[in-house]
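Chemist: File follows, query-v6.pdb with PDB, C-alpha atoms:
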MODEL        1
ATOM      1  CA  MET B 217     150.955 115.911  98.939
ATOM      2  CA  ILE B 218     147.499 114.611  98.042
ATOM      3  CA  THR B 219     148.249 111.214  99.620
ATOM      4  CA  LEU B 220     149.346 112.856 102.856
ATOM      5  CA  THR B 221     146.289 115.118 102.773
ATOM      6  CA  LEU B 222     143.939 112.134 102.411
ATOM      7  CA  ALA B 223     145.714 110.204 105.191
ATOM      8  CA  ALA B 224     145.317 113.212 107.494
ATOM      9  CA  SER B 225     141.660 113.465 106.439
ATOM     10  CA  LEU B 226     141.127 109.906 107.650
ATOM     11  CA  LEU B 227     142.432 111.055 111.038
ATOM     12  CA  ILE B 228     139.966 113.962 110.935
ATOM     13  CA  GLY B 229     137.098 111.504 110.714
ATOM     14  CA  VAL B 230     138.439 109.272 113.487
ATOM     15  CA  LEU B 231     138.707 112.245 115.824
ATOM     16  CA  LEU B 232     135.174 113.378 115.015
ATOM     17  CA  GLY B 233     133.850 109.874 115.606
ATOM     18  CA  VAL B 234     135.674 109.341 118.899
ATOM     19  CA  LEU B 235     135.782 112.842 120.400
ATOM     20  CA  GLY B 236     132.875 114.658 118.740
ATOM     21  CA  GLY B 237     135.294 117.441 117.835
ATOM     22  CA  GLY B 238     138.830 118.147 116.796
ATOM     23  CA  GLY B 239     138.244 117.296 113.159
ATOM     24  CA  SER B 240     137.580 120.883 112.174
ATOM     25  CA  MET B 241     140.678 122.041 114.020
ATOM     26  CA  LEU B 242     142.744 119.662 111.908
ATOM     27  CA  THR B 243     140.939 120.340 108.639
ATOM     28  CA  VAL B 244     141.853 124.014 108.305
ATOM     29  CA  PRO B 245     145.611 123.529 109.035
ATOM     30  CA  ILE B 246     145.716 120.468 106.724
ATOM     31  CA  LEU B 247     144.120 122.354 103.850
ATOM     32  CA  VAL B 248     146.396 125.362 104.403
ATOM     33  CA  TYR B 249     149.746 123.659 105.085
ATOM     34  CA  LEU B 250     149.359 120.408 103.091
ATOM     35  CA  ALA B 251     146.886 121.156 100.290
ATOM     36  CA  GLY B 252     148.150 124.723  99.747
ATOM     37  CA  GLN B 253     144.809 126.515 100.010
ATOM     38  CA  ASP B 254     144.552 130.054 101.333
ATOM     39  CA  THR B 255     142.928 130.476 104.736
ATOM     40  CA  LYS B 256     139.471 131.600 103.576
ATOM     41  CA  GLN B 257     139.229 128.856 100.936
ATOM     42  CA  ALA B 258     140.348 126.291 103.529
ATOM     43  CA  ILE B 259     137.678 127.519 105.933
ATOM     44  CA  THR B 260     134.957 127.115 103.298
ATOM     45  CA  THR B 261     136.146 123.617 102.368
ATOM     46  CA  SER B 262     136.459 122.669 106.045
ATOM     47  CA  LEU B 263     132.836 123.534 106.738
ATOM     48  CA  PHE B 264     131.653 121.215 103.945
ATOM     49  CA  VAL B 265     133.964 118.346 104.966
ATOM     50  CA  VAL B 266     133.157 118.542 108.661
ATOM     51  CA  GLY B 267     129.420 118.913 108.070
ATOM     52  CA  VAL B 268     129.140 115.771 105.947
ATOM     53  CA  THR B 269     131.529 113.792 108.154
ATOM     54  CA  SER B 270     129.613 114.711 111.300
ATOM     55  CA  LEU B 271     126.363 113.440 109.801
ATOM     56  CA  ALA B 272     128.038 110.138 108.966
ATOM     57  CA  GLY B 273     129.486 109.810 112.475
ATOM     58  CA  LEU B 274     126.156 110.716 114.065
ATOM     59  CA  ILE B 275     124.564 107.492 112.823
ATOM     60  CA  SER B 276     126.576 105.107 115.014
ATOM     61  CA  HIS B 277     126.180 107.338 118.093
ATOM     62  CA  ALA B 278     122.406 107.572 117.543
ATOM     63  CA  ARG B 279     122.098 103.797 117.265
ATOM     64  CA  ALA B 280     123.960 103.431 120.563
ATOM     65  CA  GLY B 281     121.674 105.969 122.296
ATOM     66  CA  ARG B 282     124.416 108.553 122.782
ATOM     67  CA  VAL B 283     122.506 111.540 121.322
ATOM     68  CA  ARG B 284     120.367 113.965 123.361
ATOM     69  CA  TRP B 285     118.108 115.111 120.517
ATOM     70  CA  ARG B 286     116.272 118.020 122.177
ATOM     71  CA  THR B 287     119.451 119.593 123.508
ATOM     72  CA  GLY B 288     121.288 119.099 120.235
ATOM     73  CA  THR B 289     118.506 120.424 118.016
ATOM     74  CA  LEU B 290     117.891 123.610 120.030
ATOM     75  CA  PHE B 291     121.607 124.260 120.457
ATOM     76  CA  GLY B 292     122.098 123.669 116.733
ATOM     77  CA  LEU B 293     119.253 125.933 115.590
ATOM     78  CA  ALA B 294     120.641 128.837 117.602
ATOM     79  CA  GLY B 295     124.119 127.997 116.344
ATOM     80  CA  MET B 296     123.010 128.058 112.709
ATOM     81  CA  ALA B 297     121.974 131.703 113.014
ATOM     82  CA  GLY B 298     125.313 132.595 114.585
ATOM     83  CA  ALA B 299     127.263 130.508 112.051
ATOM     84  CA  TYR B 300     125.640 132.165 109.045
ATOM     85  CA  ALA B 301     126.334 135.633 110.453
ATOM     86  CA  GLY B 302     129.903 134.632 111.343
ATOM     87  CA  GLY B 303     130.493 133.353 107.824
ATOM     88  CA  ARG B 304     129.469 136.716 106.378
ATOM     89  CA  VAL B 305     131.711 138.630 108.791
ATOM     90  CA  ALA B 306     134.770 136.403 108.185
ATOM     91  CA  ALA B 307     135.311 137.850 104.705
ATOM     92  CA  TYR B 308     136.398 141.157 106.280
ATOM     93  CA  ILE B 309     138.925 139.690 108.765
ATOM     94  CA  PRO B 310     142.611 139.195 107.743
ATOM     95  CA  ASP B 311     143.795 135.581 107.439
ATOM     96  CA  ALA B 312     146.505 135.895 110.101
ATOM     97  CA  VAL B 313     144.023 137.307 112.613
ATOM     98  CA  LEU B 314     141.626 134.424 111.923
ATOM     99  CA  LEU B 315     144.296 131.772 112.549
ATOM    100  CA  VAL B 316     145.671 133.398 115.715
ATOM    101  CA  ALA B 317     142.152 133.810 117.137
ATOM    102  CA  PHE B 318     141.466 130.187 116.232
ATOM    103  CA  ALA B 319     144.550 128.975 118.129
ATOM    104  CA  LEU B 320     143.901 131.102 121.233
ATOM    105  CA  MET B 321     140.326 129.809 121.416
ATOM    106  CA  MET B 322     141.639 126.242 121.243
ATOM    107  CA  LEU B 323     144.070 126.784 124.138
ATOM    108  CA  ALA B 324     141.394 128.372 126.334
ATOM    109  CA  THR B 325     139.035 125.482 125.646
ATOM    110  CA  ALA B 326     141.744 122.908 126.362
ATOM    111  CA  ALA B 327     142.433 124.474 129.745
ATOM    112  CA  ALA B 328     138.743 124.207 130.646
ATOM    113  CA  MET B 329     138.575 120.558 129.587
ATOM    114  CA  LEU B 330     141.720 119.529 131.491
ATOM    115  CA  ARG B 331     140.645 121.402 134.601
ATOM    116  CA  GLY B 332     137.210 119.765 134.518
ATOM    117  CA  PRO B 333     134.071 121.108 136.189
ATOM    118  CA  ARG B 334     134.722 123.169 139.319
ATOM    119  CA  ARG B 335     131.588 121.758 140.915
ATOM    120  CA  ALA B 336     129.351 118.847 140.184
ATOM    121  CA  PRO B 337     126.732 119.832 137.588
ATOM    122  CA  GLU B 338     123.222 120.120 138.930
ATOM    123  CA  GLN B 339     121.594 118.723 135.783
ATOM    124  CA  ALA B 340     123.692 115.672 135.023
ATOM    125  CA  HIS B 341     120.671 113.802 133.690
ATOM    126  CA  GLY B 342     118.324 116.686 132.813
ATOM    127  CA  GLU B 343     118.104 119.219 130.018
ATOM    128  CA  LEU B 344     119.829 122.585 129.937
ATOM    129  CA  PRO B 345     117.343 125.517 130.260
ATOM    130  CA  LEU B 346     116.158 126.948 126.940
ATOM    131  CA  HIS B 347     117.696 130.415 127.329
ATOM    132  CA  ARG B 348     121.126 128.972 128.131
ATOM    133  CA  LEU B 349     120.944 126.610 125.157
ATOM    134  CA  LEU B 350     120.114 129.498 122.817
ATOM    135  CA  ILE B 351     122.808 131.848 124.130
ATOM    136  CA  GLN B 352     125.535 129.214 124.076
ATOM    137  CA  GLY B 353     124.400 128.039 120.643
ATOM    138  CA  LEU B 354     124.616 131.551 119.197
ATOM    139  CA  VAL B 355     128.130 132.098 120.561
ATOM    140  CA  VAL B 356     129.441 128.744 119.370
ATOM    141  CA  GLY B 357     127.748 129.215 116.000
ATOM    142  CA  ALA B 358     129.389 132.597 115.473
ATOM    143  CA  VAL B 359     132.804 131.078 116.175
ATOM    144  CA  THR B 360     131.983 128.257 113.749
ATOM    145  CA  GLY B 361     131.149 130.650 110.939
ATOM    146  CA  ILE B 362     134.097 132.983 111.481
ATOM    147  CA  LEU B 363     136.843 130.409 112.043
ATOM    148  CA  GLY B 364     135.608 127.542 109.890
ATOM    149  CA  ALA B 365     135.447 125.183 112.847
ATOM    150  CA  GLY B 366     132.507 122.871 113.260
ATOM    151  CA  GLY B 367     132.524 123.989 116.883
ATOM    152  CA  GLY B 368     133.048 120.578 118.470
ATOM    153  CA  PHE B 369     135.970 121.893 120.493
ATOM    154  CA  LEU B 370     133.502 124.334 122.056
ATOM    155  CA  ILE B 371     130.303 122.271 121.905
ATOM    156  CA  VAL B 372     131.691 119.225 123.729
ATOM    157  CA  PRO B 373     132.929 121.296 126.725
ATOM    158  CA  ALA B 374     129.656 123.260 126.775
ATOM    159  CA  LEU B 375     127.569 120.085 126.850
ATOM    160  CA  ALA B 376     129.859 118.237 129.267
ATOM    161  CA  LEU B 377     130.842 121.036 131.666
ATOM    162  CA  LEU B 378     127.822 123.362 131.535
ATOM    163  CA  ALA B 379     124.917 121.120 130.543
ATOM    164  CA  GLY B 380     126.234 118.301 132.714
ATOM    165  CA  LEU B 381     125.895 115.600 130.044
ATOM    166  CA  PRO B 382     128.079 112.510 130.418
ATOM    167  CA  MET B 383     131.092 112.804 128.131
ATOM    168  CA  GLY B 384     129.949 110.000 125.813
ATOM    169  CA  ILE B 385     126.529 111.621 125.274
ATOM    170  CA  ALA B 386     128.128 115.061 124.855
ATOM    171  CA  VAL B 387     130.299 113.616 122.074
ATOM    172  CA  GLY B 388     127.331 112.065 120.254
ATOM    173  CA  THR B 389     125.101 115.127 120.652
ATOM    174  CA  SER B 390     127.861 117.441 119.480
ATOM    175  CA  LEU B 391     127.967 115.744 116.068
ATOM    176  CA  LEU B 392     124.364 116.804 115.424
ATOM    177  CA  VAL B 393     125.187 120.400 116.359
ATOM    178  CA  ILE B 394     128.445 120.393 114.367
ATOM    179  CA  ALA B 395     126.626 119.306 111.200
ATOM    180  CA  MET B 396     123.956 121.998 111.592
ATOM    181  CA  ASN B 397     126.509 124.728 112.325
ATOM    182  CA  SER B 398     128.837 123.671 109.522
ATOM    183  CA  PHE B 399     126.201 123.826 106.805
ATOM    184  CA  ALA B 400     124.910 127.189 108.052
ATOM    185  CA  GLY B 401     128.453 128.566 108.112
ATOM    186  CA  LEU B 402     129.051 127.156 104.631
ATOM    187  CA  ALA B 403     126.022 129.065 103.346
ATOM    188  CA  GLY B 404     127.574 132.249 104.711
ATOM    189  CA  HIS B 405     130.895 131.539 102.979
ATOM    190  CA  LEU B 406     129.639 130.437  99.541
ATOM    191  CA  SER B 407     129.459 134.036  98.306
ATOM    192  CA  GLY B 408     133.222 134.292  98.907
ATOM    193  CA  PRO B 409     136.056 131.941  97.836
ATOM    194  CA  HIS B 410     135.408 129.292  95.183
ATOM    195  CA  LEU B 411     135.079 125.781  96.599
ATOM    196  CA  ASP B 412     137.417 123.198  95.031
ATOM    197  CA  TRP B 413     134.842 120.410  94.777
ATOM    198  CA  SER B 414     137.253 117.662  93.672
ATOM    199  CA  LEU B 415     139.504 118.193  96.685
ATOM    200  CA  ALA B 416     136.541 118.724  99.027
ATOM    201  CA  LEU B 417     134.871 115.458  97.967
ATOM    202  CA  ALA B 418     138.118 113.453  98.186
ATOM    203  CA  VAL B 419     138.855 114.750 101.684
ATOM    204  CA  THR B 420     135.229 114.160 102.714
ATOM    205  CA  VAL B 421     135.238 110.513 101.606
ATOM    206  CA  ALA B 422     138.418 109.833 103.605
ATOM    207  CA  ALA B 423     137.028 111.659 106.647
ATOM    208  CA  VAL B 424     133.710 109.786 106.519
ATOM    209  CA  LEU B 425     135.559 106.449 106.521
ATOM    210  CA  GLY B 426     137.497 107.657 109.571
ATOM    211  CA  SER B 427     134.328 108.749 111.372
ATOM    212  CA  LEU B 428     132.787 105.301 110.942
ATOM    213  CA  ILE B 429     135.916 103.766 112.456
ATOM    214  CA  GLY B 430     136.000 106.261 115.321
ATOM    215  CA  GLY B 431     132.311 105.838 116.110
ATOM    216  CA  ARG B 432     132.824 102.124 116.769
ATOM    217  CA  PHE B 433     135.389 102.850 119.486
ATOM    218  CA  ALA B 434     133.776 105.900 121.117
ATOM    219  CA  GLY B 435     131.554 104.004 123.547
ATOM    220  CA  ARG B 436     134.410 101.789 124.766
ATOM    221  CA  ILE B 437     136.731 104.562 125.968
ATOM    222  CA  PRO B 438     136.446 105.728 129.632
ATOM    223  CA  GLN B 439     134.953 109.200 130.165
ATOM    224  CA  HIS B 440     138.028 110.589 131.939
ATOM    225  CA  THR B 441     140.291 109.301 129.159
ATOM    226  CA  LEU B 442     138.090 110.978 126.542
ATOM    227  CA  ARG B 443     138.198 114.309 128.394
ATOM    228  CA  THR B 444     141.967 114.202 128.923
ATOM    229  CA  GLY B 445     142.751 113.068 125.389
ATOM    230  CA  PHE B 446     140.516 115.761 123.927
ATOM    231  CA  GLY B 447     142.157 118.461 126.054
ATOM    232  CA  TRP B 448     145.747 117.570 125.189
ATOM    233  CA  PHE B 449     144.931 117.183 121.515
ATOM    234  CA  VAL B 450     143.518 120.712 121.447
ATOM    235  CA  VAL B 451     146.639 122.026 123.224
ATOM    236  CA  ALA B 452     148.893 120.453 120.591
ATOM    237  CA  MET B 453     146.905 121.894 117.681
ATOM    238  CA  GLY B 454     146.650 125.347 119.240
ATOM    239  CA  VAL B 455     150.395 125.563 119.851
ATOM    240  CA  PHE B 456     151.112 124.339 116.308
ATOM    241  CA  VAL B 457     148.898 126.960 114.650
ATOM    242  CA  LEU B 458     150.309 129.741 116.844
ATOM    243  CA  SER B 459     153.879 128.671 116.082
ATOM    244  CA  GLN B 460     153.146 128.891 112.346
ATOM    245  CA  GLN B 461     151.818 132.427 112.739
ATOM    246  CA  LEU B 462     154.009 133.891 115.472
ATOM    247  CA  GLY B 463     157.236 131.875 115.138
ATOM    248  CA  PRO B 464     159.834 130.648 117.686
ATOM    249  CA  VAL B 465     158.493 132.792 120.536
ATOM    250  CA  VAL B 466     155.466 130.521 120.790
ATOM    251  CA  LEU B 467     157.574 127.365 120.649
ATOM    252  CA  ALA B 468     159.552 128.632 123.629
ATOM    253  CA  SER B 469     156.317 129.042 125.575
ATOM    254  CA  VAL B 470     155.247 125.397 125.111
ATOM    255  CA  PRO B 471     156.922 124.091 128.315
ATOM    256  CA  VAL B 472     155.333 126.889 130.342
ATOM    257  CA  THR B 473     151.885 126.161 128.881
ATOM    258  CA  ALA B 474     152.224 122.443 129.530
ATOM    259  CA  ALA B 475     153.398 122.987 133.112
ATOM    260  CA  THR B 476     150.490 125.334 133.826
ATOM    261  CA  LEU B 477     147.939 122.845 132.524
ATOM    262  CA  LEU B 478     149.510 119.999 134.509
ATOM    263  CA  ILE B 479     149.342 122.047 137.710
ATOM    264  CA  GLN B 480     145.663 122.866 137.068
ATOM    265  CA  ARG B 481     144.903 119.218 136.432
ATOM    266  CA  ARG B 482     146.612 118.060 139.638
ATOM    267  CA  ARG B 483     144.751 120.675 141.685
ATOM    268  CA  ALA B 484     141.446 119.549 140.152
ATOM    269  CA  ARG B 485     142.222 115.937 141.050
ATOM    270  CA  ARG B 486     143.024 116.849 144.642
ATOM    271  CA  THR B 487     139.773 118.783 144.909
ATOM    272  CA  GLU B 488     137.680 115.957 143.420
ATOM    273  CA  SER B 489     139.326 113.040 145.254
ATOM    274  CA  PRO B 490     137.689 112.175 148.619
ATOM    275  CA  PRO B 491     139.855 112.213 151.729
ATOM    276  CA  ARG B 492     141.353 108.875 152.572
ATOM    277  CA  ALA B 493     139.917 107.075 155.544
ATOM    278  CA  MET B 494     142.365 106.844 158.431
ATOM    279  CA  ALA B 495     143.308 103.391 159.510
ATOM    280  CA  PRO B 496     141.997 102.567 162.991
ATOM    281  CA  THR B 497     144.560 102.884 165.762
ATOM    282  CA  PRO B 498     145.201  99.474 167.336
ATOM    283  CA  GLU B 499     144.221  99.237 170.968
ATOM    284  CA  PRO B 500     147.114  98.695 173.356
ATOM    285  CA  SER B 501     147.437  95.171 174.597
ATOM    286  CA  ARG B 502     146.201  94.599 178.150
ATOM    287  CA  HIS B 503     148.411  91.606 178.681
TER     288      HIS B 503
ENDMDL
END
Written as structure tokens, that's how I'd like the structure from this file.
Modeler:
Amino acid sequence: MITLTLAASLLIGVLLGVLGGGGSMLTVPILVYLAGQDTKQAITTSLFVVGVTSLAGLISHARAGRVRWRTGTLFGLAGMAGAYAGGRVAAYIPDAVLLVAFALMMLATAAAMLRGPRRAPEQAHGELPLHRLLIQGLVVGAVTGILGAGGGFLIVPALALLAGLPMGIAVGTSLLVIAMNSFAGLAGHLSGPHLDWSLALAVTVAAVLGSLIGGRFAGRIPQHTLRTGFGWFVVAMGVFVLSQQLGPVVLASVPVTAATLLIQRRRARRTESPPRAMAPTPEPSRH
């Protein structure tokens, strides 16, 4: 299974490089279902893997000018406090509860991404106010520490939908925040399960290679395609994790979930698309 684990780790890095998130959502299930780790050990390993991989992916985005440093640094500093606290609290939460909460958070985030912003952001080219950056950073950081997710699946929507950053810049900036949150969450977890360093380093090397590949393609993908791809990827992972924990009942709900998201997406498109101009009525001939 180690070969399959490393191949999946390469995909983790590609997703982090292209989408600025999603890697952490794959890392925990891969380590649990492929590498055979228990949930808390997988969470600790995931934080190390995602933190290092995010730093590697950040380089190409920074060179291309797709990082908003002030926003990312402030968001990340607040997130580090939340991530450390979340990592300490996670030791007292049952594994099944952690995974179900993880999956439900993914589905809620996916719905927000596929629906898109309900109104045009007022600060598309400005900076998010300090108090909003700190509050959002603390919340995302706490989720990072508790669930072992780098937070990209929350950070990218927060930066794109709430801060009004273009999707490409939100992706690049999120990698800075993910790295900061991951290492803070790791510090909170190190007093718990032992970290399997050989597996962690092997998975990290594969993921870093993937992030370098993904970073080269990130700037060439249209913004709408990035948003849609990110949303549907999160849906797929959320349904998978829930199905592993709750069984066939969740699998039966997949068509309903997909139909609901499609309806929301179509409504958002109708709202955003401008009305079509009516063709001029030809004047009657006077002859």
Chemist: I'd like the interatomic distance between atom CA of Tyr249 of chain B and atom CA of Ala272 of chain B, to a tenth of an Å.
Modeler: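 Here the two named atoms are 25.9 Å from each other.
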Chemist: Which of these residues is nearest to His440 of chain B, using all atoms listed in the file: B:Leu330, B:Leu462, B:Val316, B:Leu411?
Modeler: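 Nearest to His440 of chain B: B:Leu330.
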Chemist: What does the structure give for the distance between atom CA of Thr260 of chain B and atom CA of Pro310 of chain B, in Å to one decimal?
Modeler: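 If I compute the distance from atom CA of Thr260 of chain B to atom CA of Pro310 of chain B, I get 15.0 Å.
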Chemist: So which residues touch Ala223 of chain B within 12 Å, counting only C-alpha atoms, skipping near sequence neighbours fewer than 4 positions away, as a list of chain:residue names?
Modeler: B:Met217, B:Ile218, B:Thr219, B:Leu227, B:Ile228, B:Gly229, B:Val230, B:Leu242, B:Thr243, B:Ile246, B:Leu250, B:Ala418, B:Val419, B:Thr420, B:Val421, B:Ala422, B:Ala423, B:Leu425, B:Gly426
Chemist: Write a file of the selected residues as an mmCIF file, in the frame of the given file, keeping C-alpha atoms.
Modeler:
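This is the output file again-v8.cif:
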data_model
loop_
_atom_site.group_PDB
_atom_site.id
_atom_site.type_symbol
_atom_site.label_atom_id
_atom_site.label_comp_id
_atom_site.auth_asym_id
_atom_site.auth_seq_id
_atom_site.Cartn_x
_atom_site.Cartn_y
_atom_site.Cartn_z
ATOM 1 C CA MET B 217 150.955 115.911 98.939
ATOM 2 C CA ILE B 218 147.499 114.611 98.042
ATOM 3 C CA THR B 219 148.249 111.214 99.620
ATOM 4 C CA LEU B 227 142.432 111.055 111.038
ATOM 5 C CA ILE B 228 139.966 113.962 110.935
ATOM 6 C CA GLY B 229 137.098 111.504 110.714
ATOM 7 C CA VAL B 230 138.439 109.272 113.487
ATOM 8 C CA LEU B 242 142.744 119.662 111.908
ATOM 9 C CA THR B 243 140.939 120.340 108.639
ATOM 10 C CA ILE B 246 145.716 120.468 106.724
ATOM 11 C CA LEU B 250 149.359 120.408 103.091
ATOM 12 C CA ALA B 418 138.118 113.453 98.186
ATOM 13 C CA VAL B 419 138.855 114.750 101.684
ATOM 14 C CA THR B 420 135.229 114.160 102.714
ATOM 15 C CA VAL B 421 135.238 110.513 101.606
ATOM 16 C CA ALA B 422 138.418 109.833 103.605
ATOM 17 C CA ALA B 423 137.028 111.659 106.647
ATOM 18 C CA LEU B 425 135.559 106.449 106.521
ATOM 19 C CA GLY B 426 137.497 107.657 109.571
#
Chemist: Between atom CA of Met322 of chain B and atom CA of Thr289 of chain B, what distance in Å does the model show, to one decimal?
Modeler: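 Value for the atom CA of Met322 of chain B-atom CA of Thr289 of chain B distance: 24.1 Å.
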Chemist: When distances are computed from all atoms listed in the file, which of B:Arg331, B:His347, B:Arg432, B:His410 shows the smallest separation from Trp448 of chain B?
Modeler: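 Nearest to Trp448 of chain B: B:Arg331.
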Chemist: For the PyMOL selection byres ((chain B and resi 255) around 12), applied here, can you spell out every residue it catches as a ChimeraX atom specification?
Modeler: /B:243-249,251-254,256-262,306-307,309-316,318,362-364,408-409
Chemist: So that I can see what lies close to Gly302 of chain B, please list as a JSON list (two decimals) with C-alpha atoms, in the coordinates of the input the residues with an atom at most 7 Å from it, counting only C-alpha atoms and leaving out residues fewer than 6 positions away in the same chain.
Modeler:
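result_38.json was written with the following content:
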[["chain", "number", "residue", "atom", "x", "y", "z"],
["B", 358, "ALA", "CA", 129.39, 132.60, 115.47],
["B", 359, "VAL", "CA", 132.80, 131.08, 116.18],
["B", 361, "GLY", "CA", 131.15, 130.65, 110.94],
["B", 362, "ILE", "CA", 134.10, 132.98, 111.48]]
Chemist: What residues come out when you apply the PyMOL selection byres ((chain B and resi 383-390) around 6) to this file, written as a list in words?
Modeler: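 For this structure, the PyMOL selection byres ((chain B and resi 383-390) around 6) captures Leu235, Gly236, His277, Arg282, Val283, Arg284, Gly288, Ile371, Val372, Leu375, Ala376, Leu381, Pro382, Leu391, Leu392, Val393, Ile394 and Gln439 of chain B.
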Chemist: Which is closest to Phe264 of chain B among B:Ser459, B:Ser276, B:Ser427, B:Asn397, if we use all atoms listed in the file?
Modeler: B:Asn397
Chemist: Choose the residue, out of B:Leu370, B:Val455, B:Leu293, B:Ala319, that has the smallest atom-to-atom separation from Leu350 of chain B; count all atoms listed in the file.
Modeler: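 Smallest separation from Leu350 of chain B among the options: B:Leu293.
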Chemist: Return the single residue from B:Val305, B:Leu458, B:Leu402, B:Ala297 that is closest to Ala317 of chain B, with distances computed using all atoms listed in the file.
Modeler: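 Distance minimum relative to Ala317 of chain B lands on B:Leu458.
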Chemist: Would you please work out which residue, of B:Ala416, B:Arg436, B:Ala327, B:Ala299, is nearest to Leu222 of chain B when using all atoms listed in the file?
Modeler: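 Ranking B:Ala416, B:Arg436, B:Ala327, B:Ala299 by distance to Leu222 of chain B, first place goes to B:Ala416.
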